[in-house]
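Chemist: I'm passing along upload.pdb; it holds PDB, C-alpha atoms.
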ATOM      1  CA  MET A 537     -65.764  32.605  29.170
ATOM      2  CA  ILE A 538     -67.546  35.643  27.776
ATOM      3  CA  SER A 539     -66.935  36.134  24.062
ATOM      4  CA  GLU A 540     -65.031  39.225  23.004
ATOM      5  CA  PRO A 541     -66.953  42.461  22.439
ATOM      6  CA  GLN A 542     -68.504  42.810  18.992
ATOM      7  CA  GLN A 543     -68.758  46.575  18.394
ATOM      8  CA  ARG A 544     -65.898  48.155  16.453
ATOM      9  CA  ILE A 545     -64.807  51.742  16.210
ATOM     10  CA  SER A 546     -65.029  53.646  12.929
ATOM     11  CA  GLU A 547     -62.511  52.809  10.235
ATOM     12  CA  ARG A 548     -61.970  56.564   9.821
ATOM     13  CA  ALA A 549     -60.198  56.467  13.191
ATOM     14  CA  LEU A 550     -57.330  54.821  11.293
ATOM     15  CA  THR A 551     -56.882  57.983   9.234
ATOM     16  CA  VAL A 552     -56.900  60.189  12.329
ATOM     17  CA  TRP A 553     -54.339  57.969  14.089
ATOM     18  CA  ARG A 554     -52.146  57.949  10.977
ATOM     19  CA  ILE A 555     -52.241  61.749  10.713
ATOM     20  CA  SER A 556     -51.324  61.942  14.385
ATOM     21  CA  GLY A 557     -48.437  59.532  13.701
ATOM     22  CA  VAL A 558     -47.243  61.740  10.827
ATOM     23  CA  ILE A 559     -47.236  64.780  13.125
ATOM     24  CA  HIS A 560     -45.201  62.915  15.746
ATOM     25  CA  SER A 561     -42.880  61.602  13.050
ATOM     26  CA  LEU A 562     -42.247  65.123  11.760
ATOM     27  CA  LEU A 563     -40.919  66.038  15.196
ATOM     28  CA  ILE A 564     -38.592  63.016  15.120
ATOM     29  CA  TRP A 565     -37.402  63.972  11.620
ATOM     30  CA  LEU A 566     -36.716  67.538  12.806
ATOM     31  CA  LEU A 567     -34.660  66.258  15.730
ATOM     32  CA  GLY A 568     -32.874  63.837  13.409
ATOM     33  CA  GLY A 569     -32.190  66.651  10.950
ATOM     34  CA  GLY A 570     -30.645  68.677  13.759
ATOM     35  CA  LEU A 571     -28.422  65.735  14.669
ATOM     36  CA  ILE A 572     -27.380  65.352  11.012
ATOM     37  CA  VAL A 573     -26.463  69.056  10.865
ATOM     38  CA  LEU A 574     -24.382  68.668  14.033
ATOM     39  CA  THR A 575     -22.699  65.597  12.540
ATOM     40  CA  VAL A 576     -21.680  67.559   9.440
ATOM     41  CA  MET A 577     -20.657  70.686  11.393
ATOM     42  CA  PHE A 578     -18.459  68.860  13.903
ATOM     43  CA  ASN A 579     -17.153  66.139  11.564
ATOM     44  CA  TRP A 580     -18.630  63.362  13.628
ATOM     45  CA  PRO A 581     -18.584  59.850  12.103
ATOM     46  CA  LEU A 582     -20.855  59.577   9.059
ATOM     47  CA  TRP A 583     -22.491  56.377  10.340
ATOM     48  CA  ILE A 584     -24.460  58.625  12.704
ATOM     49  CA  ILE A 585     -26.358  59.977   9.688
ATOM     50  CA  GLY A 586     -27.273  56.444   8.626
ATOM     51  CA  VAL A 587     -28.435  55.541  12.119
ATOM     52  CA  VAL A 588     -30.550  58.729  12.338
ATOM     53  CA  LEU A 589     -32.173  58.086   8.945
ATOM     54  CA  LEU A 590     -32.826  54.434   9.768
ATOM     55  CA  ALA A 591     -34.273  55.225  13.212
ATOM     56  CA  ALA A 592     -36.516  58.029  11.894
ATOM     57  CA  SER A 593     -37.741  55.810   9.042
ATOM     58  CA  ALA A 594     -38.488  52.933  11.415
ATOM     59  CA  TYR A 595     -40.312  55.279  13.799
ATOM     60  CA  THR A 596     -42.390  56.677  10.942
ATOM     61  CA  TYR A 597     -43.329  53.226   9.620
ATOM     62  CA  PHE A 598     -44.133  51.950  13.095
ATOM     63  CA  PHE A 599     -46.369  54.858  14.184
ATOM     64  CA  VAL A 600     -47.946  55.762  10.829
ATOM     65  CA  LYS A 601     -48.622  52.317   9.366
ATOM     66  CA  LEU A 602     -48.234  49.461  11.844
ATOM     67  CA  VAL A 603     -49.534  50.714  15.218
ATOM     68  CA  PRO A 604     -52.722  52.394  13.922
ATOM     69  CA  GLU A 605     -53.637  49.244  11.970
ATOM     70  CA  LEU A 606     -53.094  46.936  14.947
ATOM     71  CA  ARG A 607     -54.804  49.367  17.303
ATOM     72  CA  TRP A 608     -57.887  49.550  15.079
ATOM     73  CA  ARG A 609     -58.103  45.757  14.682
ATOM     74  CA  ARG A 610     -57.971  45.196  18.435
ATOM     75  CA  TRP A 611     -60.311  47.978  19.616
ATOM     76  CA  ARG A 612     -63.744  46.602  20.440
ATOM     77  CA  TYR A 613     -66.440  47.497  22.910
ATOM     78  CA  GLU A 614     -69.867  46.352  23.966
ATOM     79  CA  VAL A 615     -72.496  47.947  26.160
ATOM     80  CA  ARG A 616     -74.714  45.566  28.099
ATOM     81  CA  GLU A 617     -77.404  46.248  30.693
ATOM     82  CA  GLN A 618     -75.109  45.585  33.641
ATOM     83  CA  GLU A 619     -71.664  46.464  32.259
ATOM     84  CA  ILE A 620     -69.524  47.984  29.561
ATOM     85  CA  GLU A 621     -66.767  45.810  28.126
ATOM     86  CA  LEU A 622     -63.718  47.330  26.458
ATOM     87  CA  GLN A 623     -60.957  45.488  24.611
ATOM     88  CA  HIS A 624     -57.868  47.235  23.297
ATOM     89  CA  GLY A 625     -54.111  47.000  22.965
ATOM     90  CA  VAL A 626     -51.482  46.572  20.307
ATOM     91  CA  PHE A 627     -49.241  43.799  21.597
ATOM     92  CA  ILE A 628     -50.893  43.165  24.960
ATOM     93  CA  ILE A 629     -54.669  42.889  24.746
ATOM     94  CA  LYS A 630     -56.499  44.415  27.708
ATOM     95  CA  ARG A 631     -60.146  43.630  28.459
ATOM     96  CA  THR A 632     -61.979  45.793  30.960
ATOM     97  CA  LEU A 633     -65.442  45.408  32.465
ATOM     98  CA  VAL A 634     -67.002  48.590  33.826
ATOM     99  CA  PRO A 635     -70.086  47.897  35.982
ATOM    100  CA  MET A 636     -72.986  50.235  35.173
ATOM    101  CA  VAL A 637     -73.476  50.972  38.868
ATOM    102  CA  ARG A 638     -69.971  52.535  38.915
ATOM    103  CA  VAL A 639     -70.564  54.917  35.996
ATOM    104  CA  GLN A 640     -70.778  58.513  37.221
ATOM    105  CA  HIS A 641     -70.973  60.382  33.926
ATOM    106  CA  VAL A 642     -70.362  59.997  30.208
ATOM    107  CA  ASP A 643     -68.874  62.622  27.871
ATOM    108  CA  THR A 644     -68.127  62.951  24.179
ATOM    109  CA  LEU A 645     -64.930  64.699  23.112
ATOM    110  CA  GLN A 646     -63.918  66.061  19.733
ATOM    111  CA  GLY A 647     -60.662  67.689  18.721
ATOM    112  CA  PRO A 648     -59.975  69.348  15.365
ATOM    113  CA  LEU A 649     -58.872  66.122  13.629
ATOM    114  CA  LEU A 650     -61.821  64.133  14.957
ATOM    115  CA  ARG A 651     -64.215  66.926  13.939
ATOM    116  CA  LYS A 652     -62.794  66.978  10.399
ATOM    117  CA  TYR A 653     -63.516  63.253  10.044
ATOM    118  CA  SER A 654     -66.913  63.403  11.845
ATOM    119  CA  LEU A 655     -65.674  61.332  14.777
ATOM    120  CA  ALA A 656     -65.830  61.660  18.549
ATOM    121  CA  ASN A 657     -64.377  59.936  21.604
ATOM    122  CA  VAL A 658     -66.641  58.757  24.414
ATOM    123  CA  THR A 659     -65.275  58.939  27.966
ATOM    124  CA  ILE A 660     -66.882  56.960  30.767
ATOM    125  CA  SER A 661     -66.035  58.244  34.238
ATOM    126  CA  THR A 662     -66.151  56.178  37.403
ATOM    127  CA  ALA A 663     -64.918  57.156  40.859
ATOM    128  CA  ALA A 664     -61.606  55.419  40.209
ATOM    129  CA  THR A 665     -60.781  56.134  36.570
ATOM    130  CA  ILE A 666     -61.845  57.349  33.146
ATOM    131  CA  HIS A 667     -62.352  54.884  30.301
ATOM    132  CA  LEU A 668     -62.146  55.955  26.663
ATOM    133  CA  ILE A 669     -63.818  54.608  23.548
ATOM    134  CA  PRO A 670     -62.050  56.389  20.673
ATOM    135  CA  GLY A 671     -63.000  57.139  17.089
ATOM    136  CA  LEU A 672     -66.760  56.643  16.943
ATOM    137  CA  ASP A 673     -69.029  58.270  14.374
ATOM    138  CA  ILE A 674     -70.586  61.379  15.913
ATOM    139  CA  GLU A 675     -74.116  59.950  15.833
ATOM    140  CA  GLU A 676     -72.944  56.648  17.298
ATOM    141  CA  ALA A 677     -71.012  58.484  20.038
ATOM    142  CA  ASP A 678     -74.065  60.568  20.975
ATOM    143  CA  ASP A 679     -76.340  57.512  20.974
ATOM    144  CA  LEU A 680     -73.811  55.577  23.064
ATOM    145  CA  ARG A 681     -73.523  58.445  25.556
ATOM    146  CA  GLN A 682     -77.301  58.587  25.954
ATOM    147  CA  SER A 683     -77.608  54.808  26.189
ATOM    148  CA  ILE A 684     -74.908  54.447  28.853
ATOM    149  CA  SER A 685     -76.315  57.389  30.781
ATOM    150  CA  GLY A 686     -79.772  55.807  30.808
ATOM    151  CA  LEU A 687     -78.464  52.371  31.775
ATOM    152  CA  ALA A 688     -76.325  53.864  34.539
ATOM    153  CA  ARG A 689     -79.366  55.671  35.944
ATOM    154  CA  VAL A 690     -81.390  52.444  35.894
ATOM    155  CA  ALA A 691     -78.515  50.529  37.523
ATOM    156  CA  ASP A 692     -78.210  53.265  40.151
ATOM    157  CA  ASP A 693     -81.946  53.104  40.910
ATOM    158  CA  ASP A 694     -81.742  49.328  41.417
ATOM    159  CA  VAL A 695     -79.080  49.636  44.113
TER
END
Would you put the structure from the file into C-alpha cells?
Modeler:
Amino acid sequence: MISEPQQRISERALTVWRISGVIHSLLIWLLGGGLIVLTVMFNWPLWIIGVVLLAASAYTYFFVKLVPELRWRRWRYEVREQEIELQHGVFIIKRTLVPMVRVQHVDTLQGPLLRKYSLANVTISTAATIHLIPGLDIEEADDLRQSISGLARVADDDV
C-alpha cells in the first residue's frame, strides 16, 4: 500500500477556518437570539432558551475549535510525476489519486481572508471534477500550480 501523502497545508489555514467558523456561528447566535426573543414575547417554556444557548454553544465549539483542528491534521497532499494524491476528511478520511494525464488546468484562488493571511487555494480541474488543495502559502501555491502544469503537459505529451 502506498504511504499517505507527506505535504501539509499551512498552519495559518487553521486561523482562516476558525474565523470562517466564527462568522457562521454569529449567524447561528443571531437566529438563536431571535428564538429567545420570541420565547420571551409569547411566554413559551423557558427551557427553550436553555436549549438554544446549549445548541449555539455546541455549534460554536464544534466549528470554531474542533473541526478546523481535525481538518488541518488530516489534510495532506503529494504531487508525483504520474499523479496527485489528496487526503482529507474530518471523521471519514478520503484519499484521491488524480492522474496527471487527466489534469486539464490548475488555478490558484484567493479570497479576502486568504489574502490577509498570505494563503491561496489551488484547484486542479479534470474533465470530471475539480479538486481543491486549500490553505497553501502563496509562494507554495504558485510553485505547485507551475509544477502540476508542467507535469500535466509532460504526461499529455507521453500519451
Chemist: I need the residue nearest Pro604 in chain A from this list: A:Arg651, A:Arg554, A:Arg689, A:Lys630. Use only C-alpha atoms for the distance.
Modeler: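 Among the listed residues, the smallest separation from Pro604 in chain A belongs to A:Arg554.
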Chemist: Show me, as a JSON list (two decimals) with C-alpha atoms, keeping the file's coordinate frame, the residues that have an atom within 12 Å of Leu567 in chain A when counting all atoms listed in the file, minus same-chain residues fewer than 4 positions from it.
Modeler:
[["chain", "number", "residue", "atom", "x", "y", "z"],
["A", 560, "HIS", "CA", -45.20, 62.92, 15.75],
["A", 561, "SER", "CA", -42.88, 61.60, 13.05],
["A", 562, "LEU", "CA", -42.25, 65.12, 11.76],
["A", 563, "LEU", "CA", -40.92, 66.04, 15.20],
["A", 571, "LEU", "CA", -28.42, 65.74, 14.67],
["A", 572, "ILE", "CA", -27.38, 65.35, 11.01],
["A", 573, "VAL", "CA", -26.46, 69.06, 10.86],
["A", 574, "LEU", "CA", -24.38, 68.67, 14.03],
["A", 588, "VAL", "CA", -30.55, 58.73, 12.34],
["A", 589, "LEU", "CA", -32.17, 58.09, 8.94],
["A", 591, "ALA", "CA", -34.27, 55.22, 13.21],
["A", 592, "ALA", "CA", -36.52, 58.03, 11.89]]
Chemist: For this file, the PyMOL selection byres ((chain A and resi 547) around 10) selects which residues, as a PyMOL selection string?
Modeler: chain A and resi 544-546+548-552+605+608-609+671-673
Chemist: Might you pull out every residue within 9 Å of Ile629 in chain A, with only C-alpha atoms counted and same-chain residues fewer than 5 positions away left off, and present them as a list in words?
Modeler: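 Listing them by chain and then by number gives Arg610, Gln623 and His624 of chain A.
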Chemist: Name the residues that the PyMOL selection byres ((chain A and resi 636) around 7) pulls out of this structure, and write them as a CSV table (one decimal) with C-alpha atoms, keeping the file's coordinate frame.
Modeler:
chain,number,residue,atom,x,y,z
A,618,GLN,CA,-75.1,45.6,33.6
A,619,GLU,CA,-71.7,46.5,32.3
A,620,ILE,CA,-69.5,48.0,29.6
A,634,VAL,CA,-67.0,48.6,33.8
A,635,PRO,CA,-70.1,47.9,36.0
A,637,VAL,CA,-73.5,51.0,38.9
A,638,ARG,CA,-70.0,52.5,38.9
A,639,VAL,CA,-70.6,54.9,36.0
A,687,LEU,CA,-78.5,52.4,31.8
A,688,ALA,CA,-76.3,53.9,34.5
A,691,ALA,CA,-78.5,50.5,37.5
Chemist: When you draw a straight line from CA of Phe599 in chain A to CA of Tyr653 in chain A, how long is it in Å?
Modeler: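 If I compute the distance from CA of Phe599 in chain A to CA of Tyr653 in chain A, I get 19.5 Å.
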Chemist: Mind listing as a ChimeraX atom specification all residues within 9 Å of (-67.1, 59.2, 35.2), counting only C-alpha atoms?
Modeler: /A:638-643,659-667
Chemist: Here is a test: counting only C-alpha atoms, which residue of A:Leu582, A:Val558, A:Val690, A:Ile684 is nearest to Tyr595 in chain A?
Modeler: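 That would be A:Val558, the residue with the smallest distance to Tyr595 in chain A.
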Chemist: So what do you get for CA of Ile564 in chain A versus CA of Asn657 in chain A, distance-wise?
Modeler: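 About the pair CA of Ile564 in chain A and CA of Asn657 in chain A: they are 26.8 Å apart.
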Chemist: In Å to one decimal, how far is CA of Gln646 in chain A from CA of Val658 in chain A?
Modeler: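 Computing it gives 9.1 Å between the two atoms.
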Chemist: Here's a test: counting all atoms listed in the file, identify every protein, DNA and RNA residue with an atom at most 9 Å from (-71.7, 63.3, 21.6) in the file's coordinate frame, and state them as a VMD selection string.
Modeler: chain A and resid 643 to 646 656 to 658 674 to 682
Chemist: Taking all atoms listed in the file into account, name the residue in A:Pro541, A:Leu655, A:Trp553, A:Thr575 that is nearest to Arg607 in chain A.
Modeler: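 Checking each candidate against Arg607 in chain A, we get A:Trp553 as the closest.
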Chemist: Go through A:Asn579, A:Gln543, A:Thr632, A:Thr596 one by one, measure the shortest atom-to-atom distance of each to Ile559 in chain A using only C-alpha atoms, and give the residue with the smallest value.
Modeler: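 Under the stated criterion, the closest residue is A:Thr596.
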Chemist: Smallest atom-to-atom distance to Glu614 in chain A: which of A:Met577, A:Ile669, A:Leu590, A:Val600, using all atoms listed in the file?
Modeler: A:Ile669
Chemist: Name the closest residue to Arg612 in chain A among the candidates A:Gly625, A:Gly568, A:Gly686, A:Gly586; distances are taken between atoms, counting all atoms listed in the file.
Modeler: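 With all atoms listed in the file as the atom set, the closest residue is A:Gly625.
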Chemist: Box for range 542-556 of chain A: with edges along x, y and z, all listed atoms inside and 5 Å added on each side, what are the centre and edge lengths in Å to one decimal, as AutoDock Vina command-line options?
Modeler:
--center_x -60.0 --center_y 52.4 --center_z 14.1 --size_x 27.4 --size_y 29.1 --size_z 19.8
